[in-house]
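The file entry_6.txt contains compact mmCIF, C-alpha atoms:
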# COMPACT_ATOMS: atom_id res chain seq x y z
CA MET J 1134 111.99 162.73 73.11
CA LYS J 1135 109.86 165.06 70.98
CA LYS J 1136 107.36 162.24 70.35
CA THR J 1137 107.15 161.53 74.07
CA LEU J 1138 106.40 165.15 74.87
CA ILE J 1139 103.65 165.34 72.23
CA SER J 1140 102.08 162.11 73.54
CA ALA J 1141 102.11 163.41 77.10
CA ALA J 1142 100.56 166.73 76.07
CA LEU J 1143 97.83 164.92 74.13
CA ALA J 1144 97.08 162.63 77.06
CA VAL J 1145 96.74 165.58 79.43
CA SER J 1146 94.41 167.33 76.96
CA VAL J 1147 92.22 164.24 76.59
CA VAL J 1148 91.95 163.84 80.38
CA GLY J 1149 91.07 167.53 80.61
CA MET J 1150 88.37 167.24 77.96
CA VAL J 1151 86.78 164.20 79.63
CA GLY J 1152 86.71 166.17 82.87
CA CYS J 1153 84.94 169.09 81.19
CA GLY J 1154 82.45 166.97 79.24
CA GLU J 1155 81.12 165.04 82.20
CA PRO J 1156 80.98 167.23 85.24
CA GLU J 1157 80.69 165.37 88.50
CA LYS J 1158 77.08 165.11 89.63
CA VAL J 1159 76.48 167.25 92.66
CA GLY J 1160 73.30 167.87 94.58
CA ILE J 1161 71.61 167.48 97.90
CA ASP J 1162 71.20 163.99 99.33
CA PRO J 1163 67.51 162.99 98.92
CA LYS J 1164 67.29 162.04 102.61
CA ILE J 1165 68.56 165.47 103.69
CA TYR J 1166 66.15 167.06 101.21
CA THR J 1167 63.07 165.19 102.50
CA ASP J 1168 64.16 165.58 106.15
CA SER J 1169 64.42 169.33 105.57
CA LEU J 1170 61.02 169.49 103.91
CA PHE J 1171 59.55 167.58 106.85
CA ALA J 1172 61.19 169.97 109.32
CA VAL J 1173 59.39 172.90 107.66
CA MET J 1174 56.11 170.99 107.52
CA LYS J 1175 56.13 170.03 111.19
CA ALA J 1176 57.20 173.52 112.26
CA ASP J 1177 54.27 175.05 110.34
CA ARG J 1178 51.87 172.47 111.73
CA THR J 1179 53.09 173.01 115.28
CA ASN J 1180 52.76 176.76 114.91
CA TYR J 1181 49.24 176.51 113.50
CA THR J 1182 48.26 174.22 116.41
CA LYS J 1183 49.89 176.41 119.03
CA LEU J 1184 49.34 179.92 117.71
CA VAL J 1185 45.93 179.57 116.09
CA VAL J 1186 44.00 176.51 117.29
CA ALA J 1187 45.16 176.51 120.93
CA ARG J 1188 45.31 180.30 121.29
CA LEU J 1189 42.10 181.26 119.50
CA GLY J 1190 40.07 178.06 119.91
CA PRO J 1191 37.94 176.82 122.84
CA GLY J 1192 41.06 176.32 124.98
CA GLY J 1193 42.05 179.97 124.48
CA SER J 1194 40.03 183.07 123.62
CA ASN J 1195 37.37 180.92 121.93
CA VAL J 1196 36.88 183.12 118.88
CA VAL J 1197 37.38 180.37 116.31
CA LYS J 1198 35.91 176.89 116.11
CA PRO J 1199 38.38 174.25 114.92
CA ASP J 1200 36.19 171.53 113.47
CA GLU J 1201 36.29 168.76 110.88
CA HIS J 1202 33.28 170.44 109.23
CA TRP J 1203 34.75 173.92 109.60
CA GLU J 1204 33.06 175.22 106.44
CA GLU J 1205 29.67 174.89 108.13
CA TYR J 1206 30.55 177.51 110.75
CA GLU J 1207 31.07 181.22 110.25
CA ASN J 1208 34.05 181.10 112.63
CA GLY J 1209 35.07 177.57 111.69
CA THR J 1210 38.73 176.80 111.10
CA LEU J 1211 40.54 173.73 109.90
CA LEU J 1212 41.87 171.07 112.24
CA PRO J 1213 45.71 170.91 112.13
CA ALA J 1214 45.64 167.73 110.05
CA GLN J 1215 43.24 169.35 107.57
CA MET J 1216 45.44 172.44 107.34
CA PHE J 1217 48.36 170.11 106.64
CA ARG J 1218 46.43 168.45 103.79
CA ALA J 1219 45.47 171.87 102.41
CA GLY J 1220 49.19 172.67 102.24
CA ALA J 1221 49.89 169.42 100.39
CA GLU J 1222 47.16 170.21 97.85
CA ALA J 1223 48.49 173.72 97.31
CA VAL J 1224 52.03 172.40 96.74
CA ALA J 1225 50.69 169.86 94.24
CA GLU J 1226 49.34 172.77 92.21
CA LEU J 1227 52.70 174.55 92.31
CA THR J 1228 55.23 171.88 91.42
CA ASP J 1229 55.96 168.27 90.47
CA ASP J 1230 59.44 168.44 92.02
CA PHE J 1231 58.09 166.77 95.14
CA THR J 1232 54.78 165.68 96.60
CA TYR J 1233 53.64 165.04 100.12
CA SER J 1234 50.56 163.57 101.73
CA LEU J 1235 49.18 162.48 105.06
CA GLN J 1236 48.30 158.79 104.94
CA SER J 1237 47.34 155.99 107.28
CA ILE J 1238 46.81 152.27 107.31
CA TRP J 1239 43.71 153.16 109.38
CA PRO J 1240 42.32 156.06 107.31
CA ILE J 1241 38.98 157.70 108.04
CA ASN J 1242 38.86 158.60 104.36
CA LYS J 1243 39.87 155.67 102.14
CA GLN J 1244 41.63 157.96 99.67
CA ASN J 1245 44.25 158.52 102.38
CA ALA J 1246 45.22 154.84 102.49
CA PRO J 1247 48.61 153.82 101.03
CA LYS J 1248 48.53 153.19 97.30
CA THR J 1249 51.98 151.74 96.59
CA PRO J 1250 53.87 148.85 98.25
CA VAL J 1251 56.56 151.27 99.50
CA GLU J 1252 53.97 153.57 101.08
CA LYS J 1253 52.36 150.59 102.80
CA ALA J 1254 55.71 149.18 103.97
CA GLY J 1255 56.71 152.62 105.25
CA LEU J 1256 53.50 153.20 107.18
CA GLU J 1257 53.71 149.74 108.74
CA TYR J 1258 57.35 150.29 109.68
CA ILE J 1259 56.80 153.62 111.43
CA ALA J 1260 53.81 152.19 113.31
CA ALA J 1261 55.92 149.25 114.54
CA ASN J 1262 58.96 151.44 115.34
CA PRO J 1263 57.65 154.60 117.03
CA GLY J 1264 59.94 157.56 116.47
CA ASP J 1265 61.77 156.09 113.48
CA ASN J 1266 61.45 157.17 109.84
CA TYR J 1267 61.30 154.99 106.75
CA TYR J 1268 63.18 155.61 103.52
CA GLY J 1269 62.84 153.69 100.27
CA GLU J 1270 62.91 153.90 96.49
CA GLU J 1271 60.12 152.98 94.11
CA THR J 1272 59.57 153.12 90.37
CA LEU J 1273 56.21 154.38 89.23
CA GLY J 1274 55.73 154.49 85.46
CA ASP J 1275 59.15 155.32 84.07
CA THR J 1276 60.27 157.45 87.01
CA THR J 1277 62.20 156.32 90.08
CA TYR J 1278 61.34 158.11 93.31
CA PHE J 1279 62.92 158.49 96.72
CA THR J 1280 60.07 158.02 99.18
CA ALA J 1281 60.31 158.97 102.85
CA VAL J 1282 57.68 158.23 105.49
CA TYR J 1283 57.59 160.15 108.80
CA PRO J 1284 55.36 159.39 111.79
CA ASP J 1285 52.15 161.27 112.44
CA VAL J 1286 51.34 160.95 116.13
CA ALA J 1287 48.25 161.44 118.29
CA VAL J 1288 49.47 164.46 120.21
CA SER J 1289 46.23 165.52 121.91
CA GLU J 1290 42.92 164.17 123.16
CA ALA J 1291 41.31 165.93 120.19
CA CYS J 1292 43.19 163.58 117.81
CA THR J 1293 42.29 160.36 119.62
CA SER J 1294 38.66 161.20 120.38
CA CYS J 1295 37.95 162.37 116.83
CA HIS J 1296 39.45 159.24 115.25
CA ASN J 1297 38.14 156.79 117.85
CA GLU J 1298 34.59 158.13 117.66
CA HIS J 1299 34.42 158.74 113.91
CA LYS J 1300 31.95 156.44 112.18
CA ASP J 1301 34.32 155.84 109.26
CA SER J 1302 37.41 155.11 111.34
CA PRO J 1303 38.63 151.50 111.07
CA LYS J 1304 40.35 151.78 114.49
CA ASP J 1305 38.72 153.01 117.68
CA ASP J 1306 41.37 152.54 120.34
CA PHE J 1307 44.04 155.12 119.51
CA ALA J 1308 45.91 156.33 122.60
CA LEU J 1309 47.86 159.51 123.18
CA GLY J 1310 51.38 159.23 121.83
CA GLU J 1311 50.48 156.49 119.36
CA VAL J 1312 51.40 156.58 115.67
CA MET J 1313 48.19 157.21 113.74
CA GLY J 1314 49.65 157.51 110.26
CA GLY J 1315 52.50 159.05 108.37
CA VAL J 1316 53.65 161.89 106.19
CA VAL J 1317 54.77 160.51 102.82
CA ILE J 1318 57.22 162.71 100.88
CA ARG J 1319 58.14 161.61 97.36
CA VAL J 1320 60.95 163.06 95.24
CA PRO J 1321 61.78 162.01 91.65
CA LEU J 1322 65.38 160.81 91.25
CA ASN J 1323 65.64 160.95 87.42
CA MET P 1424 104.06 154.78 168.56
CA SER P 1425 104.34 151.06 168.62
CA ILE P 1426 104.46 149.01 165.49
CA VAL P 1427 101.11 147.49 166.40
CA LYS P 1428 99.49 150.93 166.62
CA SER P 1429 100.98 151.94 163.29
CA VAL P 1430 99.69 148.81 161.61
CA LEU P 1431 96.26 149.38 163.12
CA ALA P 1432 96.20 152.98 161.95
CA ILE P 1433 97.20 152.03 158.42
CA THR P 1434 94.61 149.25 158.33
CA LEU P 1435 91.88 151.61 159.51
CA ALA P 1436 92.86 154.24 156.98
CA SER P 1437 92.86 151.66 154.19
CA ASN P 1438 89.43 150.38 155.20
CA LEU P 1439 88.06 153.92 155.29
CA LEU P 1440 89.41 154.61 151.83
CA LEU P 1441 87.88 151.38 150.59
CA LEU P 1442 84.53 152.33 152.10
CA VAL P 1443 84.60 155.77 150.47
CA GLY P 1444 85.58 154.12 147.20
CA CYS P 1445 82.68 151.67 147.52
CA GLY P 1446 80.27 154.51 148.24
CA GLU P 1447 81.32 156.40 145.11
CA GLY P 1448 81.17 153.21 143.08
CA ALA P 1449 77.67 152.51 144.32
CA GLU P 1450 76.58 156.05 143.46
CA LYS P 1451 78.02 155.74 139.98
CA ALA P 1452 76.37 152.36 139.49
CA GLU P 1453 73.05 153.84 140.64
CA ALA P 1454 73.42 156.75 138.21
CA VAL P 1455 74.22 154.40 135.34
CA GLN P 1456 71.22 152.27 136.26
CA GLN P 1457 68.99 155.36 136.33
CA LEU P 1458 70.17 156.43 132.88
CA ALA P 1459 69.55 152.94 131.50
CA LEU P 1460 66.03 153.00 132.96
CA GLY P 1461 65.50 156.47 131.54
CA GLU P 1462 66.61 155.34 128.09
CA GLU P 1463 64.32 152.32 128.18
CA LEU P 1464 61.34 154.42 129.25
CA TYR P 1465 62.21 157.05 126.62
CA LYS P 1466 62.23 154.48 123.81
CA LYS P 1467 58.91 153.01 124.92
CA ASN P 1468 57.00 156.20 125.67
CA CYS P 1469 58.66 159.40 124.53
CA LYS P 1470 60.75 158.70 121.43
CA VAL P 1471 57.80 158.95 119.06
CA CYS P 1472 57.62 162.73 119.65
CA HIS P 1473 61.08 163.55 121.04
CA ALA P 1474 63.00 161.85 118.21
CA GLN P 1475 61.05 163.91 115.70
CA GLY P 1476 60.39 167.22 117.39
CA LEU P 1477 56.65 166.80 116.95
CA ASN P 1478 54.54 169.66 118.32
CA GLY P 1479 57.71 171.44 119.39
CA ALA P 1480 59.07 168.57 121.51
CA PRO P 1481 62.82 169.15 121.95
CA ILE P 1482 64.71 166.52 119.96
CA VAL P 1483 66.91 164.31 122.12
CA GLY P 1484 70.57 165.09 121.46
CA ASN P 1485 69.80 168.42 119.76
CA LYS P 1486 71.94 170.88 121.71
CA LYS P 1487 70.34 173.92 120.08
CA MET P 1488 66.88 172.89 121.30
CA TRP P 1489 68.02 171.64 124.71
CA GLY P 1490 70.41 174.44 125.64
CA PRO P 1491 67.86 176.97 126.97
CA ARG P 1492 65.76 174.19 128.49
CA ALA P 1493 68.69 172.67 130.35
CA GLU P 1494 69.35 176.09 131.89
CA GLN P 1495 65.96 175.89 133.60
CA GLY P 1496 67.22 172.97 135.68
CA LEU P 1497 66.16 169.40 136.26
CA GLU P 1498 63.40 170.22 138.74
CA THR P 1499 61.58 172.60 136.36
CA LEU P 1500 61.89 170.22 133.41
CA VAL P 1501 60.53 167.32 135.46
CA GLU P 1502 57.65 169.52 136.62
CA HIS P 1503 56.84 170.51 133.02
CA ALA P 1504 56.97 166.91 131.81
CA THR P 1505 54.88 165.67 134.73
CA ASN P 1506 52.12 168.27 134.54
CA GLY P 1507 52.30 169.14 130.85
CA PHE P 1508 53.77 172.20 129.18
CA GLY P 1509 52.91 174.01 125.95
CA LEU P 1510 51.44 171.43 123.60
CA MET P 1511 52.80 168.49 125.60
CA PRO P 1512 50.11 166.76 127.69
CA ALA P 1513 50.90 165.68 131.26
CA LYS P 1514 53.45 162.84 131.13
CA GLY P 1515 53.07 162.94 127.34
CA GLY P 1516 49.72 161.25 127.80
CA LYS P 1517 51.32 158.22 129.48
CA THR P 1518 49.63 158.81 132.80
CA GLU P 1519 50.56 155.34 134.02
CA LEU P 1520 54.20 156.48 134.39
CA ALA P 1521 55.36 157.23 137.94
CA ASP P 1522 56.86 160.62 138.79
CA SER P 1523 60.18 158.83 139.34
CA ASP P 1524 59.94 157.44 135.79
CA ILE P 1525 59.52 160.96 134.40
CA SER P 1526 62.53 162.10 136.40
CA ALA P 1527 64.62 159.21 135.02
CA VAL P 1528 63.61 160.05 131.45
CA VAL P 1529 64.43 163.75 131.84
CA LYS P 1530 67.83 162.84 133.32
CA TYR P 1531 68.45 160.57 130.33
CA MET P 1532 67.46 163.31 127.87
CA LEU P 1533 69.75 165.80 129.59
CA SER P 1534 72.61 163.28 129.50
CA GLN P 1535 72.37 163.21 125.71
CA ILE P 1536 73.47 166.81 125.29
CA GLN P 1537 76.70 166.44 127.25

Please go through the file and, once you have read it, give me the structure as structure tokens.
Amino acid sequence: MKKTLISAALAVSVVGMVGCGEPEKVGIDPKIYTDSLFAVMKADRTNYTKLVVARLGPGGSNVVKPDEHWEEYENGTLLPAQMFRAGAEAVAELTDDFTYSLQSIWPINKQNAPKTPVEKAGLEYIAANPGDNYYGEETLGDTTYFTAVYPDVAVSEACTSCHNEHKDSPKDDFALGEVMGGVVIRVPLN
Amino acid sequence: MSIVKSVLAITLASNLLLLVGCGEGAEKAEAVQQLALGEELYKKNCKVCHAQGLNGAPIVGNKKMWGPRAEQGLETLVEHATNGFGLMPAKGGKTELADSDISAVVKYMLSQIQ
């Protein structure tokens, strides 16, 4: 009886120690994490479009000039897509915990074309399935990443006319409401 | 009242009930058909922004976003969608859509918050 009690006590202690040594992994689901990041990104982009470009640009009080070559004008300001890229560059200086970029399979600037098979698959998927997102995993070097791709849509005539008329654009028939590219968010998993 | 009259009255009443029933059934079928059309049009033309909330588009099924909009009523929402509102261009840029198509889509979107 005494031996049985000692064995039981030991077993309970061992189970307890295993429980303490390897705490259960907890953390936010990568999809929820990237969806949340995208929610902030699109809210900021919408607000910049609505509260700065539309309100202060030619369609509003006309005190600023939103233009691709904004630096050439004293009152020039970035186009919404350029402001978005500026945010991505600033984040890249702050952290490696996640990256994001605006890419397209029809980029005006070739450096914005997809570079990995998952990026390419994601951009093709969101173009073929308007309104849907793409989620995948990829290993680059010795790190595995969760990669999410969200649609970037032509939401105004300014988007379509700029891309369709740009000399470096590989596509000249974008229509309003069409997917022009995607926002790629990448998060390391290990 | 003769038996014949009673039978006639009952038959008439039954037929009337059947007719009313048919009318309601037809209305329901029409409503279901309208929602199906609205869903189809939504997927083809509107989902790309309204599934994502791009440029402030209210996300379909999101009660928090749709609540205050729904309070404005169907007529106002259809008018906004038809002529453009905020950052949304008229008919979302799909000018080929008929006004009745826009109405069907708005009805579908509203049905998703119930």

- request: Output as number ranges by chain the set of chain P residues within 10 Å of chain J, with distances taken over all atoms listed in the file.
  value: P: 1466-1480, 1509-1512, 1515-1518

Gap from atom CA of Leu1500 of chain P to atom CA of Leu1184 of chain J - Å, one decimal: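 Taking atom CA of Leu1500 of chain P as the start and atom CA of Leu1184 of chain J as the end point, the length is 22.3 Å.
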
- prompt: Got a sec to check which residues sit within 12 Å of (66.1, 156.3, 134.3), counting all atoms listed in the file, and write them as an NGL selection string?
  reply: :P and (1453-1466 or 1520-1534)

As AutoDock Vina command-line options, please report the centre and edge lengths, rounded to one decimal in Å, of the axis-aligned box that holds all listed atoms of segment 1187-1205 of chain J with 6 Å of padding on each of the six sides.
--center_x 37.5 --center_y 175.9 --center_z 115.7 --size_x 27.6 --size_y 26.4 --size_z 30.5

field: Residue neighbourhood segment 1501-1504 of chain P, 6 Å, only C-alpha atoms, exclusion window fewer than 3 positions, as a ChimeraX atom specification
entry: /P:1498,1507-1508,1514,1526

message: Between atom CA of Arg1218 of chain J and atom CA of Leu1273 of chain J, what is the distance in Å, rounded to a tenth?
response: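 Going from atom CA of Arg1218 of chain J over to atom CA of Leu1273 of chain J covers 22.5 Å.
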
message: Report, in Å with one decimal, the straight-line distance from atom CA of Glu1271 of chain J to atom CA of Val1159 of chain J.
response: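 Computing the Euclidean distance for atom CA of Glu1271 of chain J and atom CA of Val1159 of chain J yields 21.8 Å.
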
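Those residues that approach segment 1241-1249 of chain J to within 8 Å, counting only C-alpha atoms, are Leu1235, Gln1236, Ser1237, Ile1238, Trp1239, Val1251, Glu1252, Lys1253, Leu1256, His1296, His1299, Asp1301, Ser1302 and Pro1303 of chain J; same-chain residues fewer than 2 positions away are not listed.
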
Do a neighbour search on segment 1196-1211 of chain J at 7 Å with only C-alpha atoms, toss out local chain neighbours closer than 6 positions, and write the hits as a CSV table (one decimal) with C-alpha atoms, in the coordinates of the input.
chain,number,residue,atom,x,y,z
J,1186,VAL,CA,44.0,176.5,117.3
J,1189,LEU,CA,42.1,181.3,119.5
J,1190,GLY,CA,40.1,178.1,119.9

Please rebuild segment 1463-1497 of chain P with N, CA and C atoms and return the result as an mmCIF file, in the frame of the given file.
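Heads up, here's the output in part23.cif:
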data_model
loop_
_atom_site.group_PDB
_atom_site.id
_atom_site.type_symbol
_atom_site.label_atom_id
_atom_site.label_comp_id
_atom_site.auth_asym_id
_atom_site.auth_seq_id
_atom_site.Cartn_x
_atom_site.Cartn_y
_atom_site.Cartn_z
ATOM 1 N N GLU P 1463 65.335 153.335 128.493
ATOM 2 C CA GLU P 1463 64.320 152.320 128.180
ATOM 3 C C GLU P 1463 62.918 152.955 128.158
ATOM 4 N N LEU P 1464 62.643 153.762 129.166
ATOM 5 C CA LEU P 1464 61.340 154.420 129.250
ATOM 6 C C LEU P 1464 61.158 155.398 128.089
ATOM 7 N N TYR P 1465 62.245 156.097 127.742
ATOM 8 C CA TYR P 1465 62.210 157.050 126.620
ATOM 9 C C TYR P 1465 61.818 156.335 125.325
ATOM 10 N N LYS P 1466 62.491 155.204 125.063
ATOM 11 C CA LYS P 1466 62.230 154.480 123.810
ATOM 12 C C LYS P 1466 60.788 153.985 123.751
ATOM 13 N N LYS P 1467 60.268 153.561 124.891
ATOM 14 C CA LYS P 1467 58.910 153.010 124.920
ATOM 15 C C LYS P 1467 57.831 154.089 124.846
ATOM 16 N N ASN P 1468 58.090 155.228 125.459
ATOM 17 C CA ASN P 1468 57.000 156.200 125.670
ATOM 18 C C ASN P 1468 57.190 157.570 125.048
ATOM 19 N N CYS P 1469 58.423 157.992 124.863
ATOM 20 C CA CYS P 1469 58.660 159.400 124.530
ATOM 21 C C CYS P 1469 59.282 159.615 123.154
ATOM 22 N N LYS P 1470 59.967 158.563 122.658
ATOM 23 C CA LYS P 1470 60.750 158.700 121.430
ATOM 24 C C LYS P 1470 59.890 159.150 120.252
ATOM 25 N N VAL P 1471 58.651 158.673 120.216
ATOM 26 C CA VAL P 1471 57.800 158.950 119.060
ATOM 27 C C VAL P 1471 57.668 160.461 118.802
ATOM 28 N N CYS P 1472 57.665 161.267 119.849
ATOM 29 C CA CYS P 1472 57.620 162.730 119.650
ATOM 30 C C CYS P 1472 59.019 163.358 119.772
ATOM 31 N N HIS P 1473 59.802 162.880 120.760
ATOM 32 C CA HIS P 1473 61.080 163.550 121.040
ATOM 33 C C HIS P 1473 62.215 163.150 120.097
ATOM 34 N N ALA P 1474 61.997 162.137 119.251
ATOM 35 C CA ALA P 1474 63.000 161.850 118.210
ATOM 36 C C ALA P 1474 62.733 162.723 117.003
ATOM 37 N N GLN P 1475 61.481 163.203 116.899
ATOM 38 C CA GLN P 1475 61.050 163.910 115.700
ATOM 39 C C GLN P 1475 60.866 165.409 115.894
ATOM 40 N N GLY P 1476 60.689 165.805 117.152
ATOM 41 C CA GLY P 1476 60.390 167.220 117.390
ATOM 42 C C GLY P 1476 58.944 167.541 117.077
ATOM 43 N N LEU P 1477 58.063 166.558 117.264
ATOM 44 C CA LEU P 1477 56.650 166.800 116.950
ATOM 45 C C LEU P 1477 56.041 167.751 117.971
ATOM 46 N N ASN P 1478 55.210 168.663 117.484
ATOM 47 C CA ASN P 1478 54.540 169.660 118.320
ATOM 48 C C ASN P 1478 55.519 170.437 119.203
ATOM 49 N N GLY P 1479 56.717 170.634 118.679
ATOM 50 C CA GLY P 1479 57.710 171.440 119.390
ATOM 51 C C GLY P 1479 58.502 170.682 120.441
ATOM 52 N N ALA P 1480 58.321 169.359 120.525
ATOM 53 C CA ALA P 1480 59.070 168.570 121.510
ATOM 54 C C ALA P 1480 60.570 168.693 121.217
ATOM 55 N N PRO P 1481 61.382 169.048 122.221
ATOM 56 C CA PRO P 1481 62.820 169.150 121.950
ATOM 57 C C PRO P 1481 63.409 167.788 121.580
ATOM 58 N N ILE P 1482 64.145 167.774 120.465
ATOM 59 C CA ILE P 1482 64.710 166.520 119.960
ATOM 60 C C ILE P 1482 65.877 166.085 120.827
ATOM 61 N N VAL P 1483 65.843 164.832 121.250
ATOM 62 C CA VAL P 1483 66.910 164.310 122.120
ATOM 63 C C VAL P 1483 68.251 164.368 121.390
ATOM 64 N N GLY P 1484 69.235 164.964 122.048
ATOM 65 C CA GLY P 1484 70.570 165.090 121.460
ATOM 66 C C GLY P 1484 70.779 166.396 120.713
ATOM 67 N N ASN P 1485 69.698 167.152 120.490
ATOM 68 C CA ASN P 1485 69.800 168.420 119.760
ATOM 69 C C ASN P 1485 70.180 169.542 120.744
ATOM 70 N N LYS P 1486 71.437 169.912 120.728
ATOM 71 C CA LYS P 1486 71.940 170.880 121.710
ATOM 72 C C LYS P 1486 71.278 172.249 121.553
ATOM 73 N N LYS P 1487 70.955 172.607 120.315
ATOM 74 C CA LYS P 1487 70.340 173.920 120.080
ATOM 75 C C LYS P 1487 68.967 173.994 120.764
ATOM 76 N N MET P 1488 68.210 172.901 120.677
ATOM 77 C CA MET P 1488 66.880 172.890 121.300
ATOM 78 C C MET P 1488 66.965 172.742 122.816
ATOM 79 N N TRP P 1489 67.968 171.957 123.280
ATOM 80 C CA TRP P 1489 68.020 171.640 124.710
ATOM 81 C C TRP P 1489 68.744 172.697 125.539
ATOM 82 N N GLY P 1490 69.608 173.475 124.889
ATOM 83 C CA GLY P 1490 70.410 174.440 125.640
ATOM 84 C C GLY P 1490 69.602 175.299 126.607
ATOM 85 N N PRO P 1491 68.631 176.090 126.078
ATOM 86 C CA PRO P 1491 67.860 176.970 126.970
ATOM 87 C C PRO P 1491 67.003 176.194 127.960
ATOM 88 N N ARG P 1492 66.593 174.996 127.579
ATOM 89 C CA ARG P 1492 65.760 174.190 128.490
ATOM 90 C C ARG P 1492 66.610 173.674 129.642
ATOM 91 N N ALA P 1493 67.804 173.203 129.310
ATOM 92 C CA ALA P 1493 68.690 172.670 130.350
ATOM 93 C C ALA P 1493 68.990 173.734 131.408
ATOM 94 N N GLU P 1494 69.060 174.991 130.957
ATOM 95 C CA GLU P 1494 69.350 176.090 131.890
ATOM 96 C C GLU P 1494 68.251 176.267 132.945
ATOM 97 N N GLN P 1495 67.061 175.764 132.627
ATOM 98 C CA GLN P 1495 65.960 175.890 133.600
ATOM 99 C C GLN P 1495 66.111 174.918 134.769
ATOM 100 N N GLY P 1496 66.947 173.912 134.592
ATOM 101 C CA GLY P 1496 67.220 172.970 135.680
ATOM 102 C C GLY P 1496 66.323 171.754 135.658
ATOM 103 N N LEU P 1497 66.845 170.700 136.257
ATOM 104 C CA LEU P 1497 66.160 169.400 136.260
ATOM 105 C C LEU P 1497 64.759 169.495 136.866
#
